[in-house]
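Working notes, structure below.
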Amino acid sequence: MTPDNPRVGDQDSSPYADALLAFAARGRSRFTTPGHHGDPDGQPLIAAMLGEGVLSLDVQPTVEGIDHGPGNPMQRSLDLAARAWGARRTWFLSNGSSQGNLTACLALAGLGDTIVAQRSVHSSVVDGLMLSGLAAGFVRPTVDHSLGIAHGVTPESLDAALAAHPDAVAAFVVTPSYFGACADVAALADVAHRRGAALVVDEAWGAHFGFHPGLPVNAVRLGADVVIASMHKLGGSLGQTALLHVGHGPLAQRLEPLLERAFRSMQSTSESSVLLASLDLARRQIAVRGGETIGRSLASAARLRERVESDGRFRDATPRIAAFPDVVGVDPLRVVVDVRSGGISGHDARSLLFQELGHHVEMSTDDVIVAIVGAGTAPDPDALADALLRLPELPAPTRHRIELPDPGPRRMTVREAWFAPTEVVAADAAVGRVSADSVAAYPPGIPNLMPGEEITEQTLEFLRETAAAPFGWVRGALDDDVSHVRVVAR
Ligand SMILES: Cc1ncc(COP(=O)(O)O)c(C=O)c1O
């Protein structure tokens, strides 16, 4: 047993999922919500598509013997999850890490009114600032301008940002990045704690960390106070499910009741039991069998990297990413392929892989495609590597490079701008105005434009070109081609 491994014996049970199964097997007549009553005759289309089991397991919350009453199975499952990740306490989330980030921001507002946040946080953190009214000082991540990707923050830059904002009650960072770069969480926690601030880690992409010696250690065990993790991303549970953990220090202790209160405000009163059960089962699977199954995933990802390098047309970007000063490790299950040497843009490569070659990879930028290997899965690396070699070389004009923009200067807080009187203007007339919206190339969903920031020509150009790229989508844009922008009225 390594210090990062949960106690397997305890983990080989799934009380909540088992209680649901037992409830469904008992076959009571139902006169409750959900109104399908588990009856396949009432909903034959759903039953035909998803199976009758989904209907019978879809049960309303607060049922005695499932998630209600002292020592109920849900509570036992939450305790098992907390133990698996080394947390003081864990909450199941049915609306993703987005819900976790909103919840964390609301909770932090109970400690004070200012935080320091990594500028490349997910848009849900910006929404959290808007809802909570927290003011944020932003700390810039390192950026690989050549590949157009943002990494994480160094302990030194976090320290400087906290020194510049002595009233900050927390530092909100993202690690691993969308490209698998892991920041030094232990050092960031030290820096934050020395400055009297809590460390909140958006570990959306690292729910699987800590369950195999070949993976990085998770942020709770590295000393973070609050950690948000999308179990659905690489951890194997169903889409939309995530975990919120609170750690062990004195600030974490203060935050626990604040998180509980904020969680209630952000939680649906009719959460899907099917989604929650998938969290329970995926935790059991990764905690008990991860040591063995993740070995296969690691081998699959390693083989893909090897093929990319030995085939010679493209490059494995991992060594380049690992060389940045904030990066102390990389998630080996994320394969970032630098396509610059291969005569095709990342966006075109991803689109052709999907449309014509039968492969769906997670994301692209102009210069890279990112493939992920879910923890416990082992997709065929050679099939994807072969497909990469079959991609055509495209003529240069379609390979115009889309540069990641620097953010414009901040003119107002997120909340001030979001609630200010606004107007919609043509994109060309928006340069120099203050954005009222969060607008983000998706994925990765890092706002390129935040409420309260001045709009620059460079940012607008990036957003418009991203929208025009194959698979391009700009979240928060008013129209598909970003031809209009909502700005704070003059
Ligand atoms: C860093 C980060 N945080 C949070 C989220 C939101 O996660 P979810 O989709 O689980 O709500 C994402 C989504 O991609 C993300 O990349």
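Following the order of the structure tokens, first chain is A, next is B, and so on, with residues numbered from 1 inside each chain and ligands from 1 in the order they appear.
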
I'd like the contact shell of Leu222 of chain A - 9 Å cut-off, only C-alpha atoms, skipping same-chain residues fewer than 5 positions apart - returned as number ranges by chain. A: 184-187, 189, 217

All residues 10 Å or closer to Gly112 of chain A, only C-alpha atoms, same chain fewer than 3 positions away omitted, as a VMD selection string: chain A and resid 107 to 109 115 134 to 135 167 to 170

Residues from last step as file, C-alpha atoms, as a compact mmCIF listing (two decimals), in the first residue's frame:
# COMPACT_ATOMS: atom_id res chain seq x y z
CA ALA A 107 -18.20 29.38 0.26
CA LEU A 108 -15.07 31.55 -0.03
CA ALA A 109 -17.24 34.67 0.20
CA ILE A 115 -9.38 36.14 -3.78
CA LEU A 134 -15.86 38.17 -4.72
CA ALA A 135 -13.30 40.54 -6.18
CA ASP A 167 -6.71 40.82 1.83
CA ALA A 168 -7.11 37.73 -0.38
CA VAL A 169 -8.69 34.86 1.55
CA ALA A 170 -7.92 32.24 -1.06

Selected residue of minimal separation from Val370 of chain A among A:Asp113, A:Glu309, A:Glu403, A:Asp316, counting only C-alpha atoms: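 Among the listed residues, the smallest separation from Val370 of chain A belongs to A:Asp316.
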
So, with only C-alpha atoms and all ligand atoms as the atoms that count, which of A:Thr318, A:Asn448, A:Ser146, A:Thr175 lies closest to ligand 1? A:Thr175

Go through chain A residue by residue and, counting only C-alpha atoms and all ligand atoms, keep those with an atom at most 10 Å from ligand 1; for each kept residue give the shortest atom pair and its distance in Å to one decimal, ordered by chain and increasing number, as CSV.
residue,atom,partner,partner_atom_place_in_ligand_line,distance
A:Leu93,CA,ligand 1,10 (O),9.0
A:Ser94,CA,ligand 1,10 (O),8.9
A:Asn95,CA,ligand 1,11 (O),6.1
A:Gly96,CA,ligand 1,10 (O),3.3
A:Ser97,CA,ligand 1,10 (O),3.9
A:Ser98,CA,ligand 1,11 (O),3.7
A:Gln99,CA,ligand 1,11 (O),6.4
A:Gly100,CA,ligand 1,11 (O),7.8
A:Asn101,CA,ligand 1,4 (C),7.1
A:Leu102,CA,ligand 1,11 (O),9.9
A:Ser120,CA,ligand 1,1 (C),8.4
A:Val121,CA,ligand 1,1 (C),6.3
A:His122,CA,ligand 1,3 (N),4.8
A:Ser123,CA,ligand 1,4 (C),7.6
A:Ser124,CA,ligand 1,4 (C),6.6
A:Val125,CA,ligand 1,4 (C),7.9
A:Val173,CA,ligand 1,1 (C),9.0
A:Val174,CA,ligand 1,1 (C),5.8
A:Thr175,CA,ligand 1,1 (C),7.3
A:Pro176,CA,ligand 1,1 (C),7.7
A:Ser177,CA,ligand 1,1 (C),6.5
A:Tyr178,CA,ligand 1,16 (O),6.0
A:Phe179,CA,ligand 1,16 (O),9.7
A:Val201,CA,ligand 1,1 (C),9.4
A:Asp202,CA,ligand 1,3 (N),5.7
A:Glu203,CA,ligand 1,1 (C),6.7
A:Ala204,CA,ligand 1,3 (N),4.9
A:Trp205,CA,ligand 1,1 (C),6.5
A:Gly206,CA,ligand 1,1 (C),9.5
A:Ile228,CA,ligand 1,4 (C),7.9
A:Ala229,CA,ligand 1,10 (O),7.5
A:Ser230,CA,ligand 1,10 (O),4.7
A:Met231,CA,ligand 1,10 (O),7.7
A:His232,CA,ligand 1,10 (O),6.9
A:Lys233,CA,ligand 1,10 (O),7.1
A:Gly239,CA,ligand 1,10 (O),7.7
A:Gln240,CA,ligand 1,10 (O),5.5
A:Thr241,CA,ligand 1,10 (O),6.5
A:Ala242,CA,ligand 1,10 (O),6.1
A:Leu243,CA,ligand 1,10 (O),9.2
A:Tyr442,CA,ligand 1,14 (O),8.2
A:Pro443,CA,ligand 1,14 (O),6.6
A:Pro444,CA,ligand 1,16 (O),5.6
A:Gly445,CA,ligand 1,14 (O),6.2
A:Ile446,CA,ligand 1,16 (O),7.6

Pick from A:Ala469, A:Leu57, A:Val373, A:Glu416: nearest to Arg350 of chain A, with only C-alpha atoms counted? A:Ala469

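Here the question is which of A:Ile286, A:Ala192, A:Ala22, A:Ala440 gets nearest to Leu460 of chain A using only C-alpha atoms, and that residue is A:Ala440.
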
Closest of A:Phe263, A:Trp85, A:Trp418, A:Phe172 to Ala219 of chain A - atom-to-atom distances counting only C-alpha atoms: A:Trp85

Using only C-alpha atoms, which protein or nucleic acid residues come within 9 Å of segment 478-480 of chain A? Drop anything in the same chain fewer than 3 positions from it, and give the result as a VMD selection string. chain A and resid 424 464 467 to 468 473 to 475 483 to 486

Test item: residues at most 7 Å from Ala436 of chain A, only C-alpha atoms, excluding those fewer than 6 positions along its chain, as a list in words: Ala417, Trp418, Thr422, Pro451, Gly452, Arg486, Val487 and Val488 of chain A

Using only C-alpha atoms, please write the residues we just selected to a file, as a PDB file, in the first residue's frame.
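So again_20.pdb came out as:
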ATOM      1  CA  ALA A 417     -19.719  44.391 -15.205  1.00  0.00           C
ATOM      2  CA  TRP A 418     -22.186  41.506 -15.248  1.00  0.00           C
ATOM      3  CA  THR A 422     -25.358  46.697 -21.054  1.00  0.00           C
ATOM      4  CA  PRO A 451     -16.837  40.561 -17.603  1.00  0.00           C
ATOM      5  CA  GLY A 452     -15.045  43.771 -16.622  1.00  0.00           C
ATOM      6  CA  ARG A 486     -22.430  42.542 -25.065  1.00  0.00           C
ATOM      7  CA  VAL A 487     -20.608  45.462 -23.471  1.00  0.00           C
ATOM      8  CA  VAL A 488     -21.148  47.681 -20.457  1.00  0.00           C
TER       9      VAL A 488
END

From the set A:Val63, A:Leu258, A:Val425, A:Ala299, which residue has the shortest atom-to-atom contact distance to Ile455 of chain A, counting only C-alpha atoms?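 So, comparing all the options, the nearest one is A:Val425.
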
Applying 10 Å and only C-alpha atoms, which residues near Glu461 of chain A remain after dropping the ones on its own chain fewer than 6 positions away? List them as a PyMOL selection string. chain A and resi 402-405+427-428+467+482
